[in-house]
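So this one's run-v3.pdb, PDB, C-alpha atoms, pLDDT in the B column:
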```pdb
ATOM      1  CA  MET I   1       3.676 -17.241  -8.913  1.00 46.00           C
ATOM      2  CA  ILE I   2       1.899 -16.701  -5.646  1.00 47.00           C
ATOM      3  CA  GLN I   3      -1.793 -16.624  -4.868  1.00 48.00           C
ATOM      4  CA  LEU I   4      -2.512 -13.371  -3.079  1.00 49.00           C
ATOM      5  CA  ALA I   5      -6.287 -13.637  -2.944  1.00 50.00           C
ATOM      6  CA  LYS I   6      -8.881 -16.357  -2.952  1.00 49.00           C
ATOM      7  CA  ILE I   7     -11.227 -14.072  -4.880  1.00 50.00           C
ATOM      8  CA  LEU I   8     -10.310 -10.721  -6.340  1.00 52.00           C
ATOM      9  CA  PHE I   9     -12.760  -8.089  -7.552  1.00 53.00           C
ATOM     10  CA  SER I  10     -11.211  -5.608  -9.883  1.00 54.00           C
ATOM     11  CA  ASP I  11     -12.953  -3.644 -12.585  1.00 54.00           C
ATOM     12  CA  GLY I  12     -16.075  -5.590 -11.720  1.00 52.00           C
ATOM     13  CA  LYS I  13     -14.681  -8.965 -12.600  1.00 53.00           C
ATOM     14  CA  VAL I  14     -14.260 -11.897 -10.279  1.00 55.00           C
ATOM     15  CA  SER I  15     -10.830 -13.428 -10.632  1.00 57.00           C
ATOM     16  CA  GLN I  16      -9.367 -16.455  -8.906  1.00 57.00           C
ATOM     17  CA  LYS I  17      -6.178 -16.438 -10.939  1.00 59.00           C
ATOM     18  CA  GLU I  18      -2.720 -16.282  -9.522  1.00 62.00           C
ATOM     19  CA  VAL I  19      -0.735 -13.092  -9.913  1.00 65.00           C
ATOM     20  CA  ASN I  20       2.916 -12.748 -10.773  1.00 69.00           C
ATOM     21  CA  SER I  21       3.814 -10.159  -8.170  1.00 74.00           C
ATOM     22  CA  VAL I  22       2.676  -7.963  -5.365  1.00 78.00           C
ATOM     23  CA  GLU I  23       3.470  -5.010  -7.640  1.00 84.00           C
ATOM     24  CA  GLU I  24       0.685  -6.119 -10.007  1.00 78.00           C
ATOM     25  CA  CYS I  25      -1.844  -5.864  -7.165  1.00 78.00           C
ATOM     26  CA  ILE I  26      -0.423  -2.533  -6.026  1.00 82.00           C
ATOM     27  CA  ASN I  27      -0.709  -1.101  -9.551  1.00 82.00           C
ATOM     28  CA  ARG I  28      -4.353  -2.190  -9.793  1.00 79.00           C
ATOM     29  CA  ILE I  29      -5.150  -0.617  -6.436  1.00 82.00           C
ATOM     30  CA  ASN I  30      -3.398   2.640  -7.368  1.00 84.00           C
ATOM     31  CA  ASN I  31      -5.357   2.856 -10.633  1.00 83.00           C
ATOM     32  CA  GLN I  32      -8.612   2.404  -8.712  1.00 82.00           C
ATOM     33  CA  ARG I  33      -7.555   5.030  -6.155  1.00 85.00           C
ATOM     34  CA  GLU I  34      -6.900   7.581  -8.898  1.00 86.00           C
ATOM     35  CA  TRP I  35     -10.229   6.852 -10.550  1.00 83.00           C
ATOM     36  CA  ILE I  36     -12.369   7.132  -7.414  1.00 85.00           C
ATOM     37  CA  HIS I  37     -10.577  10.308  -6.300  1.00 85.00           C
ATOM     38  CA  GLU I  38     -11.556  11.989  -9.588  1.00 86.00           C
ATOM     39  CA  GLN I  39     -15.273  11.257  -9.122  1.00 88.00           C
ATOM     40  CA  ASN I  40     -17.694  13.928  -7.945  1.00 90.00           C
ATOM     41  CA  VAL I  41     -19.085  13.205  -4.488  1.00 90.00           C
ATOM     42  CA  ASP I  42     -22.658  14.095  -5.492  1.00 91.00           C
ATOM     43  CA  ASP I  43     -22.461  11.662  -8.414  1.00 91.00           C
ATOM     44  CA  LEU I  44     -21.289   8.941  -6.024  1.00 91.00           C
ATOM     45  CA  LEU I  45     -24.158   9.708  -3.636  1.00 93.00           C
ATOM     46  CA  GLU I  46     -26.670   9.458  -6.477  1.00 92.00           C
ATOM     47  CA  PHE I  47     -25.124   6.164  -7.550  1.00 91.00           C
ATOM     48  CA  PHE I  48     -25.277   4.647  -4.069  1.00 92.00           C
ATOM     49  CA  GLU I  49     -28.865   5.789  -3.551  1.00 94.00           C
ATOM     50  CA  GLU I  50     -29.750   3.763  -6.635  1.00 93.00           C
ATOM     51  CA  VAL I  51     -27.709   0.863  -5.239  1.00 92.00           C
ATOM     52  CA  GLY I  52     -29.830   0.905  -2.067  1.00 92.00           C
ATOM     53  CA  LYS I  53     -33.084   0.856  -4.021  1.00 92.00           C
ATOM     54  CA  PHE I  54     -31.858  -1.936  -6.286  1.00 93.00           C
ATOM     55  CA  TRP I  55     -30.623  -4.094  -3.418  1.00 91.00           C
ATOM     56  CA  ALA I  56     -33.868  -3.616  -1.473  1.00 90.00           C
ATOM     57  CA  LYS I  57     -35.863  -4.902  -4.461  1.00 90.00           C
ATOM     58  CA  LYS I  58     -33.538  -7.612  -5.709  1.00 91.00           C
ATOM     59  CA  PHE I  59     -32.125  -8.980  -2.447  1.00 91.00           C
ATOM     60  CA  SER I  60     -34.806  -8.198   0.151  1.00 88.00           C
ATOM     61  CA  ASN I  61     -35.287 -11.878   1.041  1.00 89.00           C
ATOM     62  CA  GLU I  62     -31.560 -12.467   1.499  1.00 88.00           C
ATOM     63  CA  ILE I  63     -30.936  -9.200   3.335  1.00 86.00           C
ATOM     64  CA  GLY I  64     -33.993  -9.750   5.515  1.00 82.00           C
ATOM     65  CA  LEU I  65     -34.945  -7.248   8.205  1.00 80.00           C
ATOM     66  CA  ASN I  66     -31.978  -5.039   7.324  1.00 80.00           C
ATOM     67  CA  SER I  67     -33.360  -4.308   3.849  1.00 84.00           C
ATOM     68  CA  LYS I  68     -35.305  -1.218   4.918  1.00 86.00           C
ATOM     69  CA  HIS I  69     -32.365   0.052   6.985  1.00 88.00           C
ATOM     70  CA  LEU I  70     -30.002  -0.422   4.047  1.00 89.00           C
ATOM     71  CA  THR I  71     -32.265   1.620   1.747  1.00 90.00           C
ATOM     72  CA  SER I  72     -32.546   4.366   4.362  1.00 92.00           C
ATOM     73  CA  PHE I  73     -28.787   4.333   5.018  1.00 93.00           C
ATOM     74  CA  LEU I  74     -27.983   4.642   1.304  1.00 93.00           C
ATOM     75  CA  SER I  75     -30.491   7.413   0.593  1.00 95.00           C
ATOM     76  CA  LYS I  76     -28.798  10.477  -0.826  1.00 95.00           C
ATOM     77  CA  SER I  77     -30.228  12.731   1.895  1.00 95.00           C
ATOM     78  CA  HIS I  78     -28.898  10.472   4.684  1.00 95.00           C
ATOM     79  CA  LEU I  79     -25.454  10.192   3.108  1.00 94.00           C
ATOM     80  CA  GLU I  80     -25.294  13.958   2.526  1.00 94.00           C
ATOM     81  CA  LYS I  81     -26.056  14.572   6.221  1.00 94.00           C
ATOM     82  CA  LYS I  82     -23.522  11.959   7.315  1.00 92.00           C
ATOM     83  CA  LEU I  83     -20.789  13.463   5.137  1.00 92.00           C
ATOM     84  CA  ASP I  84     -21.605  17.028   6.127  1.00 89.00           C
ATOM     85  CA  ILE I  85     -21.373  16.129   9.825  1.00 90.00           C
ATOM     86  CA  SER I  86     -18.085  14.303   9.311  1.00 89.00           C
ATOM     87  CA  LEU I  87     -16.544  16.952   7.064  1.00 87.00           C
ATOM     88  CA  HIS I  88     -17.068  20.134   9.098  1.00 83.00           C
ATOM     89  CA  GLY I  89     -20.438  20.893   7.505  1.00 83.00           C
ATOM     90  CA  ASN I  90     -19.331  20.722   3.897  1.00 86.00           C
ATOM     91  CA  ARG I  91     -19.083  17.478   1.909  1.00 88.00           C
ATOM     92  CA  ASN I  92     -17.594  19.460  -0.976  1.00 87.00           C
ATOM     93  CA  SER I  93     -14.336  19.432   0.973  1.00 89.00           C
ATOM     94  CA  LEU I  94     -13.817  16.036  -0.682  1.00 89.00           C
ATOM     95  CA  GLU I  95     -13.605  17.940  -3.988  1.00 89.00           C
ATOM     96  CA  GLN I  96     -11.816  21.167  -3.152  1.00 89.00           C
ATOM     97  CA  PHE I  97     -10.638  23.487  -0.411  1.00 90.00           C
ATOM     98  CA  VAL I  98     -13.560  25.060   1.455  1.00 89.00           C
ATOM     99  CA  ASP I  99     -13.814  28.052   3.761  1.00 87.00           C
ATOM    100  CA  LEU I 100     -14.356  27.255   7.449  1.00 78.00           C
ATOM    101  CA  SER I 101     -15.452  30.805   8.350  1.00 82.00           C
ATOM    102  CA  ASP I 102     -11.898  31.802   9.240  1.00 82.00           C
ATOM    103  CA  PRO I 103     -10.045  33.822   6.597  1.00 80.00           C
ATOM    104  CA  GLU I 104      -6.796  32.098   7.543  1.00 85.00           C
ATOM    105  CA  LEU I 105      -8.089  28.518   7.303  1.00 85.00           C
ATOM    106  CA  MET I 106      -9.173  26.401   4.382  1.00 88.00           C
ATOM    107  CA  PHE I 107     -10.155  22.744   4.665  1.00 86.00           C
ATOM    108  CA  HIS I 108      -9.778  19.915   2.141  1.00 87.00           C
ATOM    109  CA  ALA I 109     -10.545  16.335   3.149  1.00 88.00           C
ATOM    110  CA  GLN I 110      -8.110  13.894   1.570  1.00 86.00           C
ATOM    111  CA  PRO I 111      -9.177  10.264   1.273  1.00 85.00           C
ATOM    112  CA  ARG I 112      -6.838   7.789   2.946  1.00 84.00           C
ATOM    113  CA  GLY I 113      -6.770   5.983  -0.388  1.00 81.00           C
ATOM    114  CA  LEU I 114      -6.939   2.409   0.836  1.00 86.00           C
ATOM    115  CA  VAL I 115      -9.145   0.932   3.542  1.00 86.00           C
ATOM    116  CA  VAL I 116      -8.843  -2.640   4.769  1.00 86.00           C
ATOM    117  CA  HIS I 117     -11.927  -4.380   6.190  1.00 85.00           C
ATOM    118  CA  TRP I 118     -12.117  -7.558   8.257  1.00 86.00           C
ATOM    119  CA  ILE I 119     -15.801  -8.350   7.959  1.00 83.00           C
ATOM    120  CA  ALA I 120     -17.517 -10.264  10.736  1.00 82.00           C
ATOM    121  CA  GLY I 121     -19.609 -13.242   9.713  1.00 80.00           C
ATOM    122  CA  ASN I 122     -22.366 -13.088  12.325  1.00 80.00           C
ATOM    123  CA  VAL I 123     -24.520 -10.555  10.391  1.00 77.00           C
ATOM    124  CA  GLU I 124     -24.094 -11.145   6.669  1.00 76.00           C
ATOM    125  CA  ILE I 125     -24.997  -7.630   5.534  1.00 80.00           C
ATOM    126  CA  LEU I 126     -23.103  -5.700   8.230  1.00 80.00           C
ATOM    127  CA  GLY I 127     -19.739  -5.467   6.471  1.00 81.00           C
ATOM    128  CA  ILE I 128     -21.155  -3.875   3.357  1.00 83.00           C
ATOM    129  CA  PHE I 129     -21.949  -0.713   5.345  1.00 85.00           C
ATOM    130  CA  SER I 130     -18.289   0.003   6.089  1.00 85.00           C
ATOM    131  CA  VAL I 131     -17.242  -0.859   2.523  1.00 85.00           C
ATOM    132  CA  LEU I 132     -19.817   1.582   1.116  1.00 87.00           C
ATOM    133  CA  GLN I 133     -18.705   4.326   3.506  1.00 89.00           C
ATOM    134  CA  ALA I 134     -15.145   3.846   2.310  1.00 89.00           C
ATOM    135  CA  LEU I 135     -16.222   4.173  -1.330  1.00 88.00           C
ATOM    136  CA  ILE I 136     -18.366   7.248  -0.665  1.00 89.00           C
ATOM    137  CA  THR I 137     -15.366   8.967   0.914  1.00 91.00           C
ATOM    138  CA  LYS I 138     -13.326   8.065  -2.173  1.00 90.00           C
ATOM    139  CA  ASN I 139     -11.311   5.169  -0.784  1.00 89.00           C
ATOM    140  CA  VAL I 140     -10.569   1.787  -2.334  1.00 86.00           C
ATOM    141  CA  SER I 141     -11.203  -1.294  -0.179  1.00 84.00           C
ATOM    142  CA  ILE I 142      -9.424  -4.540   0.463  1.00 82.00           C
ATOM    143  CA  ILE I 143     -11.856  -6.927   2.145  1.00 81.00           C
ATOM    144  CA  LYS I 144     -11.063  -9.950   4.279  1.00 81.00           C
ATOM    145  CA  ALA I 145     -14.428 -11.673   4.041  1.00 77.00           C
ATOM    146  CA  PRO I 146     -15.817 -14.286   6.423  1.00 79.00           C
ATOM    147  CA  SER I 147     -16.106 -17.895   5.320  1.00 77.00           C
ATOM    148  CA  LYS I 148     -19.762 -17.346   4.385  1.00 77.00           C
ATOM    149  CA  TYR I 149     -19.572 -14.487   1.898  1.00 77.00           C
ATOM    150  CA  GLU I 150     -21.962 -15.460  -0.900  1.00 82.00           C
ATOM    151  CA  LEU I 151     -24.288 -12.490  -0.296  1.00 85.00           C
ATOM    152  CA  LEU I 152     -21.336 -10.083  -0.302  1.00 82.00           C
ATOM    153  CA  ILE I 153     -20.271 -11.375  -3.722  1.00 80.00           C
ATOM    154  CA  LYS I 154     -23.836 -11.088  -5.071  1.00 85.00           C
ATOM    155  CA  LEU I 155     -24.151  -7.515  -3.820  1.00 86.00           C
ATOM    156  CA  ILE I 156     -20.822  -6.389  -5.228  1.00 82.00           C
ATOM    157  CA  GLU I 157     -21.401  -8.108  -8.574  1.00 81.00           C
ATOM    158  CA  SER I 158     -24.873  -6.543  -8.817  1.00 84.00           C
ATOM    159  CA  LEU I 159     -23.376  -3.037  -8.980  1.00 82.00           C
ATOM    160  CA  LYS I 160     -22.990  -3.503 -12.720  1.00 79.00           C
ATOM    161  CA  TYR I 161     -26.774  -3.185 -13.104  1.00 84.00           C
ATOM    162  CA  ILE I 162     -27.006   0.290 -11.555  1.00 85.00           C
ATOM    163  CA  LYS I 163     -27.702   3.239 -13.827  1.00 83.00           C
ATOM    164  CA  THR I 164     -27.812   6.914 -12.863  1.00 84.00           C
ATOM    165  CA  SER I 165     -27.860  10.224 -14.713  1.00 80.00           C
ATOM    166  CA  LYS I 166     -24.031  10.174 -14.768  1.00 79.00           C
ATOM    167  CA  TYR I 167     -23.121   6.508 -14.876  1.00 74.00           C
ATOM    168  CA  ASP I 168     -24.157   3.586 -16.981  1.00 69.00           C
ATOM    169  CA  VAL I 169     -22.285   0.700 -15.428  1.00 58.00           C
ATOM    170  CA  LEU I 170     -21.474  -2.216 -17.706  1.00 47.00           C
ATOM    171  CA  GLY I 171     -19.255  -4.827 -16.113  1.00 41.00           C
ATOM    172  CA  PHE I 172     -17.985  -2.084 -13.806  1.00 43.00           C
ATOM    173  CA  SER I 173     -16.607  -0.069 -16.672  1.00 45.00           C
ATOM    174  CA  MET I 174     -18.523   3.157 -16.422  1.00 48.00           C
ATOM    175  CA  TYR I 175     -19.520   5.327 -19.322  1.00 45.00           C
ATOM    176  CA  CYS I 176     -20.182   8.998 -18.751  1.00 48.00           C
ATOM    177  CA  LYS I 177     -23.669   9.740 -20.065  1.00 46.00           C
ATOM    178  CA  THR I 178     -22.632  13.308 -20.889  1.00 50.00           C
ATOM    179  CA  CYS I 179     -19.635  12.617 -23.136  1.00 52.00           C
ATOM    180  CA  GLY I 180     -19.726   8.820 -23.626  1.00 52.00           C
ATOM    181  CA  GLN I 181     -16.149   8.401 -22.381  1.00 53.00           C
ATOM    182  CA  LYS I 182     -15.280   5.060 -20.746  1.00 51.00           C
ATOM    183  CA  MET I 183     -14.254   5.449 -17.102  1.00 51.00           C
ATOM    184  CA  ASP I 184     -12.707   2.368 -15.504  1.00 51.00           C
ATOM    185  CA  GLY I 185     -13.578   2.200 -11.863  1.00 49.00           C
ATOM    186  CA  LEU I 186     -15.233   0.732  -8.827  1.00 46.00           C
TER     187      LEU I 186
END
```
Rendering of file as structure tokens:
Amino acid sequence: MIQLAKILFSDGKVSQKEVNSVEECINRINNQREWIHEQNVDDLLEFFEEVGKFWAKKFSNEIGLNSKHLTSFLSKSHLEKKLDISLHGNRNSLEQFVDLSDPELMFHAQPRGLVVHWIAGNVEILGIFSVLQALITKNVSIIKAPSKYELLIKLIESLKYIKTSKYDVLGFSMYCKTCGQKMDGL
């Protein structure tokens, strides 16, 4: 057995156990990639807007001056604008092919699938911005955290308390409020 990670978040659980193989980690990552790719971008934006509100209330002292910026950054309207600018004016290109006003061209943005982050330690909250952008664009993240990462762990673990019209997150297993089906993810 080899220890591939000091702390591993998967399906909302913190694990410090050793794994038997690299393949085990790869399979977990691929399952998460499939799940996030199937999610509707507007549902993700609604979810992360609620995340911003929750974090601003629950962690405002720990986040400090960046609390207001974080809430503004994670607002659905801000994220919609950011995605529309980045995706040729149409965030729905994450879902399907879209017309770019040329009858011969269609555009579909494909997530990279896996994003790796080396988070700096000088501003505790800074790294979470890039992680959230990766998730919103339907990518799974591997994070190399700084030595002081307690706030990062608290923020990620707190996602299980977020509820939206689509998702009721319980230990990072999500349940669709429409049909009640369990959706493993995040």
Selection under test: the PyMOL selection byres ((chain I and resi 95) around 10); residues as a PyMOL selection string:
chain I and resi 37-42+91-94+96-98+108-110
Surrounding residues of His117 in chain I excluding itself and chain neighbours under 3 positions, 7 Å, all atoms listed in the file, as an NGL selection string
:I and (142-144)
With distances taken over only C-alpha atoms, which of I:Asn66, I:Lys58, I:His88, I:Glu46 is nearest to Leu100 in chain I?
I:His88
Which residue, I:Leu79, I:Ile162, I:Leu70, I:Glu124, has the smallest gap to Ser147 in chain I when you use only C-alpha atoms?
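Distance minimum relative to Ser147 in chain I lands on I:Glu124.
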Need the shell around His69 in chain I: protein/DNA/RNA residues with any atom at most 12 Å away, counting all atoms listed in the file. Skip same-chain ones fewer than 3 positions apart. Format as a VMD selection string?
chain I and resid 52 to 53 55 to 56 60 63 to 66 72 to 75 78 125 to 126 129
Compare I:Glu104, I:Asp43, I:Glu62, I:Asp99 by their minimum atom-to-atom distance to Glu80 in chain I, counting only C-alpha atoms, and give me the closest one.
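Ranking I:Glu104, I:Asp43, I:Glu62, I:Asp99 by distance to Glu80 in chain I, first place goes to I:Asp43.
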For CA of Ser165 in chain I and CA of Val51 in chain I, quote the distance in Å rounded to one decimal.
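CA of Val51 in chain I lies 13.3 Å from CA of Ser165 in chain I.
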Given the choices I:Ala145, I:Leu44, I:Val22, I:Ile29, which gets closest to Val123 in chain I if the distance is worked out from only C-alpha atoms?
I:Ala145
For each of I:Ser130, I:Gly113, I:Leu151, I:Leu159, take the minimum atom-to-atom distance to Ile36 in chain I, counting all atoms listed in the file, then give the residue where this is smallest.
I:Gly113
Residue nearest Val116 in chain I among I:Ser67, I:Gln133, I:Ser141, I:Ser101 (counting all atoms listed in the file)
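Ranking I:Ser67, I:Gln133, I:Ser141, I:Ser101 by distance to Val116 in chain I, first place goes to I:Ser141.
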Starting from the PyMOL selection byres ((chain I and resi 112) around 9), expand the selection into actual residues of this file and give them as a list of chain:residue names.
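Applying the PyMOL selection byres ((chain I and resi 112) around 9) to the structure shown produces I:Gln110, I:Pro111, I:Gly113, I:Leu114, I:Val115, I:Thr137, I:Lys138, I:Asn139, I:Val140.
Interatomic distance, CA of Phe54 in chain I to CA of Ala134 in chain I: 19.7 Å.
As for CA of Lys76 in chain I and CA of Tyr167 in chain I, they are spaced 15.7 Å apart.
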Which centre and edge lengths in Å to one decimal define the box along x, y and z that fits every listed atom of range 143-146 of chain I plus 4 Å per side, as AutoDock Vina command-line options?
```
--center_x -13.4 --center_y -10.6 --center_z 4.3 --size_x 12.8 --size_y 15.4 --size_z 12.3
```
